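Visitor: Before we start, here is the structure in question, set down as structure tokens.
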There are 2 protein chains.
Amino acid sequence: MNVEFINPFLVSLVNVISTMATMDLKPGKPQLKNHDIAKGDVSGLIGMVGPKTKGSLSITFEAPLILEIMHKMLGEKPSSINEEITDLVGEITNMVTGGAKNLLSDKGYDFDMATPVVVSGKNHTISHKSKGKKILMPFSHEHGMAFIEICFEDI
Amino acid sequence: MNVEFINPFLVSLVNVISTMATMDLKPGKPQLKNHDIAKGDVSGLIGMVGPKTKGSLSITFEAPLILEIMHKMLGEKPSSINEEITDLVGEITNMVTGGAKNLLSDKGYDFDMATPVVVSGKNHTISHKSKGKKILMPFSHEHGMAFIEICFEDI
């Protein structure tokens, strides 16, 4: 998996959060994920299936960050992860994956998206069970961290 | 979503656990899921994409139940959710979805599976963000509960 494949996801998340919440997430260095080090409080997950590949994506947020994103969007700040927040995380997951899908489609990589699933639970970890390499992209903001993880395998 | 569609998933989980661990899960009554009531400690999730439908499945286990399943399979019982357990949950998720896929394919329902993702974290909840109805199937055992949740939407 090369930079050409990673950047569309990275750019999509930065754009989505900038557009929705006028907040700038600072991307860290993408890395191969060898252990389950990304912990967070709410995660959106989505499956992807293409003619030659299948895989999964997750976007994990620390609670203070996603609460601030909601605050900036709506002017209100829920005190904890509620259904509004999980809906928002589901939408972000769809938008980021859809944005990357469009960018990748132009380069000849094609996949269809399943529907997103959102997990909430303090300090959970995500393990992508794919034969392919797992890429972890960290994003930082003064309110907390976010992580994208993607992996694809050939079929 | 009708019984014809629900039963293959229910039967697959009971068969997989019976075959792998000689344990009998007792299926409860499938129900429409209106709230995020299924809590557990480790969940396998998988996306599904067909020509006319897309959706997601999750299988959630309470920790004592999945630890006992591992115990029955291998004779050893890890003290907590480790990577062996998340690998096992990923495999169960693949096997159950694959089993249901075969049964449903015979009836003309077709979908391809993405790769599974496993979430671990005490007492997490799962929200399937699909426009379709969400079905919750509870399973009981003296060691704890398991839950399958599925939803599909038309595309």
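In the structure tokens, chains take the letters A, B, ... in the order shown, each chain's residues start at 1, and ligands count up from 1 in the order shown.
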Distance table requested - segment 5-79 of chain A against segment 48-56 of chain B, cut-off 9 Å, only C-alpha atoms: one row per qualifying residue with the closest atom pair and its distance in Å to one decimal, ordered by chain and rising residue number, as JSON lines.
Guide:
{"residue": "A:Ile46", "atom": "CA", "partner": "B:Ser56", "partner_atom": "CA", "distance": 8.4}
{"residue": "A:Gly47", "atom": "CA", "partner": "B:Met48", "partner_atom": "CA", "distance": 7.0}
{"residue": "A:Met48", "atom": "CA", "partner": "B:Val49", "partner_atom": "CA", "distance": 7.9}
{"residue": "A:Val49", "atom": "CA", "partner": "B:Val49", "partner_atom": "CA", "distance": 6.8}
Visitor: Near chain A, which residues of chain B fall within 10 Å when you count only C-alpha atoms, and what do they look like as an MDAnalysis selection string?
Guide: chainID B and resid 35:36 39:51 53:58 83 86:87 89:91 94 111:132 151:153
Visitor: Please produce an output containing C-alpha atoms for each residue in the selection, written as a CSV table (one decimal), in the first residue's frame.
Guide:
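Generated output (result35.csv):
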chain,number,residue,atom,x,y,z
B,35,HIS,CA,-32.0,1.2,21.2
B,36,ASP,CA,-28.3,0.3,21.7
B,39,LYS,CA,-23.5,-4.4,25.5
B,40,GLY,CA,-20.4,-6.6,25.5
B,41,ASP,CA,-16.7,-6.8,25.9
B,42,VAL,CA,-15.5,-8.0,22.5
B,43,SER,CA,-17.3,-7.7,19.1
B,44,GLY,CA,-16.6,-8.8,15.6
B,45,LEU,CA,-18.0,-6.6,12.8
B,46,ILE,CA,-18.2,-7.1,9.1
B,47,GLY,CA,-19.5,-5.1,6.2
B,48,MET,CA,-21.6,-6.7,3.4
B,49,VAL,CA,-22.1,-5.4,-0.1
B,50,GLY,CA,-24.4,-6.9,-2.7
B,51,PRO,CA,-25.8,-5.8,-6.1
B,53,THR,CA,-28.2,-4.2,-0.8
B,54,LYS,CA,-25.5,-3.2,1.7
B,55,GLY,CA,-25.3,-3.7,5.4
B,56,SER,CA,-23.3,-4.7,8.4
B,57,LEU,CA,-23.2,-7.5,11.0
B,58,SER,CA,-21.8,-7.6,14.5
B,83,GLU,CA,-4.9,-11.1,20.6
B,86,THR,CA,-9.7,-11.2,19.1
B,87,ASP,CA,-8.3,-13.5,16.3
B,89,VAL,CA,-13.7,-13.5,17.3
B,90,GLY,CA,-12.6,-12.3,13.8
B,91,GLU,CA,-12.7,-16.0,12.6
B,94,ASN,CA,-16.1,-14.6,9.1
B,111,PHE,CA,-23.6,-10.2,-1.1
B,112,ASP,CA,-19.9,-10.0,-0.8
B,113,MET,CA,-18.1,-9.7,2.6
B,114,ALA,CA,-15.5,-7.2,3.6
B,115,THR,CA,-12.8,-8.2,6.1
B,116,PRO,CA,-13.8,-8.4,9.8
B,117,VAL,CA,-12.8,-5.8,12.4
B,118,VAL,CA,-12.7,-6.7,16.1
B,119,VAL,CA,-13.4,-4.2,18.9
B,120,SER,CA,-12.4,-4.9,22.5
B,121,GLY,CA,-13.3,-2.7,25.4
B,122,LYS,CA,-15.3,-3.4,28.5
B,123,ASN,CA,-19.1,-2.7,28.1
B,124,HIS,CA,-19.0,-1.1,24.7
B,125,THR,CA,-22.1,-0.6,22.6
B,126,ILE,CA,-22.6,-0.9,18.8
B,127,SER,CA,-24.8,1.3,16.6
B,128,HIS,CA,-25.4,0.1,13.1
B,129,LYS,CA,-25.9,3.3,11.0
B,130,SER,CA,-28.0,1.9,8.2
B,131,LYS,CA,-31.4,3.1,6.9
B,132,GLY,CA,-32.7,-0.5,7.1
B,151,CYS,CA,-29.0,-4.6,9.2
B,152,PHE,CA,-29.3,-4.2,5.4
B,153,GLU,CA,-30.5,-1.4,3.3
Visitor: Pull the helix (DSSP H, G or I) assignments for segment 17-144 of chain A out of DSSP run on the backbone, and list those residues as a PyMOL selection string.
Guide: chain A and resi 17-21+63-74+83-105
Visitor: Can you list every residue in chain A that DSSP puts in strand (DSSP E), as a PyMOL selection string?
Guide: chain A and resi 26-27+31-32+39-49+53-61+112-113+117-128+134-141+144-154
Visitor: Give me the segment 47-105 of chain B side of the contact with segment 16-31 of chain B, cut-off 8 Å, one line per residue showing its nearest atom pair and distance in Å at one decimal, counting only C-alpha atoms, sorted by chain and residue number, as JSON lines.
Guide:
{"residue": "B:Ile69", "atom": "CA", "partner": "B:Ala21", "partner_atom": "CA", "distance": 5.7}
{"residue": "B:Met70", "atom": "CA", "partner": "B:Ala21", "partner_atom": "CA", "distance": 7.5}
{"residue": "B:Lys72", "atom": "CA", "partner": "B:Ala21", "partner_atom": "CA", "distance": 5.1}
{"residue": "B:Met73", "atom": "CA", "partner": "B:Ala21", "partner_atom": "CA", "distance": 4.9}
{"residue": "B:Ile92", "atom": "CA", "partner": "B:Val16", "partner_atom": "CA", "distance": 7.2}
{"residue": "B:Met95", "atom": "CA", "partner": "B:Val16", "partner_atom": "CA", "distance": 7.2}
{"residue": "B:Val96", "atom": "CA", "partner": "B:Val16", "partner_atom": "CA", "distance": 6.9}
Visitor: Between atom CA of Lys133 of chain A and atom CA of Pro8 of chain A, what is the spacing in Å?
Guide: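 Computing the Euclidean distance for atom CA of Pro8 of chain A and atom CA of Lys133 of chain A yields 17.0 Å.
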Visitor: Skipping near chain neighbours, those fewer than 5 positions away, what residues fall within 10 Å of Gly99 of chain A using only C-alpha atoms, listed as number ranges by chain?
Guide: A: 8-9, 11-13, 15-16, 93-94, 104-105
Visitor: Now that the selection is made, can you save its residues with C-alpha atoms as a PDB file, in the first residue's frame?
Guide:
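Wrote out20.pdb, looks like this:
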ATOM      1  CA  PRO A   8      -6.945  10.362  -0.122  1.00  0.00           C
ATOM      2  CA  PHE A   9      -8.132   9.145   3.301  1.00  0.00           C
ATOM      3  CA  VAL A  11      -6.962  14.516   3.017  1.00  0.00           C
ATOM      4  CA  SER A  12     -10.630  13.541   3.259  1.00  0.00           C
ATOM      5  CA  LEU A  13     -10.692  13.566   7.062  1.00  0.00           C
ATOM      6  CA  ASN A  15     -11.292  18.392   4.713  1.00  0.00           C
ATOM      7  CA  VAL A  16     -14.443  16.983   6.322  1.00  0.00           C
ATOM      8  CA  THR A  93     -17.034   7.766   8.414  1.00  0.00           C
ATOM      9  CA  ASN A  94     -19.276   7.721   5.338  1.00  0.00           C
ATOM     10  CA  LEU A 104      -9.139   6.640  -5.709  1.00  0.00           C
ATOM     11  CA  SER A 105     -11.669   5.849  -8.401  1.00  0.00           C
TER      12      SER A 105
END
Visitor: When you draw a straight line from atom CA of Ala146 of chain A to atom CA of Pro64 of chain A, how long is it in Å?
Guide: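 Here the two named atoms are 10.4 Å from each other.
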Visitor: Give me, as a PyMOL selection string, all polymer residues having an atom no more than 7 Å from Leu32 of chain A, counting only C-alpha atoms and skipping those fewer than 2 positions away in the same chain.
Guide: chain A and resi 34+134-136
